[in-house]
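Student: Shown below is the structure under consideration.
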Amino acid sequence: MIVVMVLLCTALPCVSAVEYLHPDEHLDAMPGDIPADTVKIDLSGNRISSVDHINGVLSSLTELFMDHNLLSEFPELGNCSNVTTVSLSFNAMTHISPDRLDVLTRLTFLDIRYNMLQSIPDVPGPGTTLYQLHLSGNLFTEIPNLHRLGQYLGHLYIQDNNIRNISVSTLEQLEYLTHFVVGLNPIDTFPDLDELLEQLRTLSIYGVPDLGGIPTGLFPRLSLIQFLKLNEIGASTIPPDICLRGALSMSFNVQLHGNPFWCDQGMRWLKLAEEAGVGVSTVSGGVTCSGPDHLVGRAWESLAWEDLRYRGRSLLFL
C-alpha cells in the first residue's frame with residue numbers, strides 16, 4: 001500500500017492531501033483502511049468486483065482510478081460531491097444506473113472504455129461540467145443521446161464499437177465538441193457536417209474500409225480543424241475542401257495511410273500543399289497508388305506534382 005501526503009500551500013496554511021495509491025496488488029476487495037481525507041484513489045490493476053468504503057466516508061475524494069478490475073457496476077459515489085475524475089476502463093460493467101451518474105455534479109472526466117456497455121444514461125447531473133467522455137471498446141450501436149449529459153462536452157471518444165450510422169440529430173446536440181474519435185466502427189454512412197461540429201479541432205475516422213472514402217462536401221465548415229485521421233477508409237481521393245476551408249492558415253495535420261489512392265490530377269492539391277509547406281503537415285507514410293496503371297504501387301511520397309498528369313485514365317497536357 002502506498003499512501004502519499006501532498007501539501008497544498010496557498011495564502012492559507014498548508015493542508016495535507018492524501019493520495020491512496022494501491023495499484024497492481026492483486027486485491028480481491030476494496031481496502032478498509034482508506035484515510036477519510038483521501039483526495040485520490042488509484043486501485044487499478046487489481047481484481048476488485050465491487051466498491052464499498054467510499055460512499056458517505058470520503059467526502060474529500062476528487063479522483064477515482066479503478067481501471068483493469070472486475071467491476072460489474074458503476075460505483076455509488078453520491079456523497080463524494082467533489083469527484084471530478086472517474087476512470088473505470090477495462091472492467092465488466094454492462095449498465096450504469098442513472099442515479100449513480102446523476103449525482104456527480106462536478107464530474108469533468110469519465111473513462112469507461114472497454115466494458116460491455118450498450119448505453120449510458122443521459123442525466124443532467126454532470127451536464128454542465130463533463131468535458132471528456134471515453135466510451136471506446138463497448139457495445140454501442142449508435143452514438144448515444146447526450147443532450148443533457150454532454151451539454152458542454154469537448155472530447156468524445158467512441159471508437160471500436162458497433163456503430164453503423166451516425167445521426168445528424170445526435171451531432172446537433174454536441175455544439176461544443178472539439179475532439180471526435182469514431183474510428184474502428186463498421187460505419188457505412190457519415191452525415192454531412194454542414195453547420196455541425198463547427199468547433200472541431202480533431203476528427204478521427206480510421207479503420208472503416210467500407211466507408212468508401214470521404215464524401216465530397218463533408219467538411220465544408222470545419223475551418224478550425226487541425227488534425228484529421230483518415231487512415232484505411234477506402235478513400236481513392238481526398239476532397240480539397242478539407243484543406244481549403246480556412247485550415248491552411250494554421251498547423252494542419254492529415255493522416256491518410258492505408259487508402260487506395262488514385263493518384264491523378266484530382267490529388268494535385270495535396271501534393272502542392274505538401275511541397276509549398278503552407279501550414280499543412282501531411283502524414284502520408286505507407287500510402288501507395290492504386291492507379292493509374294503506370295503509378296500502381298508507387299509510394300505517394302516519391303511522387304512529384306508533375307507525375308499527377310492524369311484525370312481518370314486520360315493524360316492531361318498541363
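So you can find residues: chains in the C-alpha cells are A, B, ... in the order shown, residues in each start at 1, and ligands are numbered from 1 in order.
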Show me, as a ChimeraX atom specification, the residues that have an atom within 8 Å of range 119-134 of chain A when counting only C-alpha atoms, minus same-chain residues fewer than 2 positions from it.

Tutor: /A:95-98,101-113,117,136,140,144-158

Student: Can those selected residues be exported to a file as a tab-separated table (two decimals), in the first residue's frame so that it contains C-alpha atoms?

Tutor:
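Below is the file result.tsv, written as the result:
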chain	number	residue	atom	x	y	z
A	95	HIS	CA	-25.04	-0.96	-17.48
A	96	ILE	CA	-24.88	2.25	-15.43
A	97	SER	CA	-27.64	3.16	-13.01
A	98	PRO	CA	-28.82	6.70	-13.83
A	101	LEU	CA	-24.12	9.10	-12.55
A	102	ASP	CA	-26.61	11.90	-11.99
A	103	VAL	CA	-25.21	12.79	-8.54
A	104	LEU	CA	-21.72	13.55	-9.88
A	105	THR	CA	-22.38	17.23	-10.45
A	106	ARG	CA	-18.68	18.21	-10.66
A	107	LEU	CA	-17.54	15.41	-12.94
A	108	THR	CA	-15.26	16.62	-15.76
A	109	PHE	CA	-13.61	13.37	-16.92
A	110	LEU	CA	-15.26	9.96	-17.33
A	111	ASP	CA	-13.42	6.97	-18.78
A	112	ILE	CA	-15.49	3.80	-19.16
A	113	ARG	CA	-13.67	2.30	-22.14
A	117	LEU	CA	-21.98	-1.16	-22.15
A	136	SER	CA	-14.42	3.18	-26.78
A	140	PHE	CA	-22.72	0.79	-28.67
A	144	PRO	CA	-25.78	7.82	-27.51
A	145	ASN	CA	-28.12	10.68	-26.80
A	146	LEU	CA	-26.04	13.20	-24.82
A	147	HIS	CA	-28.43	16.13	-24.84
A	148	ARG	CA	-28.23	16.61	-21.06
A	149	LEU	CA	-25.09	14.70	-20.08
A	150	GLY	CA	-22.95	16.31	-22.77
A	151	GLN	CA	-24.16	19.90	-22.73
A	152	TYR	CA	-20.58	21.23	-22.82
A	153	LEU	CA	-18.77	18.08	-23.90
A	154	GLY	CA	-15.46	18.84	-25.64
A	155	HIS	CA	-13.95	15.37	-26.20
A	156	LEU	CA	-15.87	12.26	-27.28
A	157	TYR	CA	-14.02	9.02	-27.92
A	158	ILE	CA	-16.25	6.20	-29.15

Student: List the spatial neighbours of range 221-234 of chain A as a PyMOL selection string - criterion: any atom at most 7 Å away, only C-alpha atoms, same-chain residues fewer than 3 positions off excluded.

Tutor: chain A and resi 194-195+198-213+245-247+251-260

Student: Quick one: everything within 12 Å of His26 in chain A, counting only C-alpha atoms, minus sequence neighbours fewer than 6 positions away in the same chain. Send it as a list in words.

Tutor: Met1, Leu43, Ser44, Gly45, Asn46, Arg47, Ile48, Ser49, His68, Asn69 and Leu70 of chain A

Student: Take the residues just selected and output them with N, CA and C atoms as a short mmCIF file (atom, residue, chain, number, x, y, z; two decimals), in the first residue's frame.

Tutor:
data_model
loop_
_atom_site.label_atom_id
_atom_site.label_comp_id
_atom_site.auth_asym_id
_atom_site.auth_seq_id
_atom_site.Cartn_x
_atom_site.Cartn_y
_atom_site.Cartn_z
N MET A 1 0.84 -1.20 0.00
CA MET A 1 0.00 0.00 0.00
C MET A 1 0.87 1.24 0.00
N LEU A 43 -6.65 2.26 -7.57
CA LEU A 43 -6.69 0.83 -7.29
C LEU A 43 -6.72 0.04 -8.61
N SER A 44 -6.10 0.59 -9.63
CA SER A 44 -6.09 -0.05 -10.95
C SER A 44 -5.29 -1.35 -10.92
N GLY A 45 -5.64 -2.24 -11.83
CA GLY A 45 -4.86 -3.46 -11.98
C GLY A 45 -5.04 -4.44 -10.86
N ASN A 46 -6.21 -4.47 -10.23
CA ASN A 46 -6.49 -5.45 -9.20
C ASN A 46 -7.60 -6.39 -9.67
N ARG A 47 -8.28 -7.06 -8.73
CA ARG A 47 -9.36 -7.99 -9.09
C ARG A 47 -10.62 -7.66 -8.31
N ILE A 48 -10.85 -6.38 -8.11
CA ILE A 48 -11.97 -5.92 -7.29
C ILE A 48 -13.25 -5.95 -8.13
N SER A 49 -14.30 -6.56 -7.58
CA SER A 49 -15.55 -6.70 -8.33
C SER A 49 -16.65 -5.77 -7.83
N HIS A 68 -8.90 -1.72 -15.15
CA HIS A 68 -8.40 -3.10 -15.13
C HIS A 68 -8.74 -3.81 -13.82
N ASN A 69 -10.03 -3.82 -13.50
CA ASN A 69 -10.54 -4.61 -12.39
C ASN A 69 -11.67 -5.50 -12.91
N LEU A 70 -12.55 -5.92 -12.02
CA LEU A 70 -13.65 -6.80 -12.39
C LEU A 70 -14.99 -6.19 -12.01
#

Student: As a count of residues only, please: every residue in range 62-198 of chain A that DSSP puts in strand (DSSP E or B).

Tutor: 20

Student: From the set A:Asn165, A:Leu308, A:Leu295, A:Gly286, which residue has the shortest atom-to-atom contact distance to Lys271 in chain A, counting only C-alpha atoms?

Tutor: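 Looking only at the distances to Lys271 in chain A, the closest residue turns out to be A:Leu308.
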
Student: Which of range 77-224 of chain A counts as alpha helix (DSSP H) under DSSP, as a PyMOL selection string please?

Tutor: chain A and resi 98-102+168-172

Student: Write a file of the just-selected residues containing C-alpha atoms, as an mmCIF file, in the first residue's frame.

Tutor:
data_model
loop_
_atom_site.group_PDB
_atom_site.id
_atom_site.type_symbol
_atom_site.label_atom_id
_atom_site.label_comp_id
_atom_site.auth_asym_id
_atom_site.auth_seq_id
_atom_site.Cartn_x
_atom_site.Cartn_y
_atom_site.Cartn_z
ATOM 1 C CA PRO A 98 -28.823 6.698 -13.827
ATOM 2 C CA ASP A 99 -28.877 7.777 -10.188
ATOM 3 C CA ARG A 100 -25.208 6.872 -9.703
ATOM 4 C CA LEU A 101 -24.120 9.103 -12.554
ATOM 5 C CA ASP A 102 -26.609 11.896 -11.985
ATOM 6 C CA VAL A 168 -27.370 14.238 -37.547
ATOM 7 C CA SER A 169 -29.771 14.850 -34.662
ATOM 8 C CA THR A 170 -27.234 13.367 -32.247
ATOM 9 C CA LEU A 171 -24.402 15.535 -33.555
ATOM 10 C CA GLU A 172 -26.584 18.635 -33.318
#
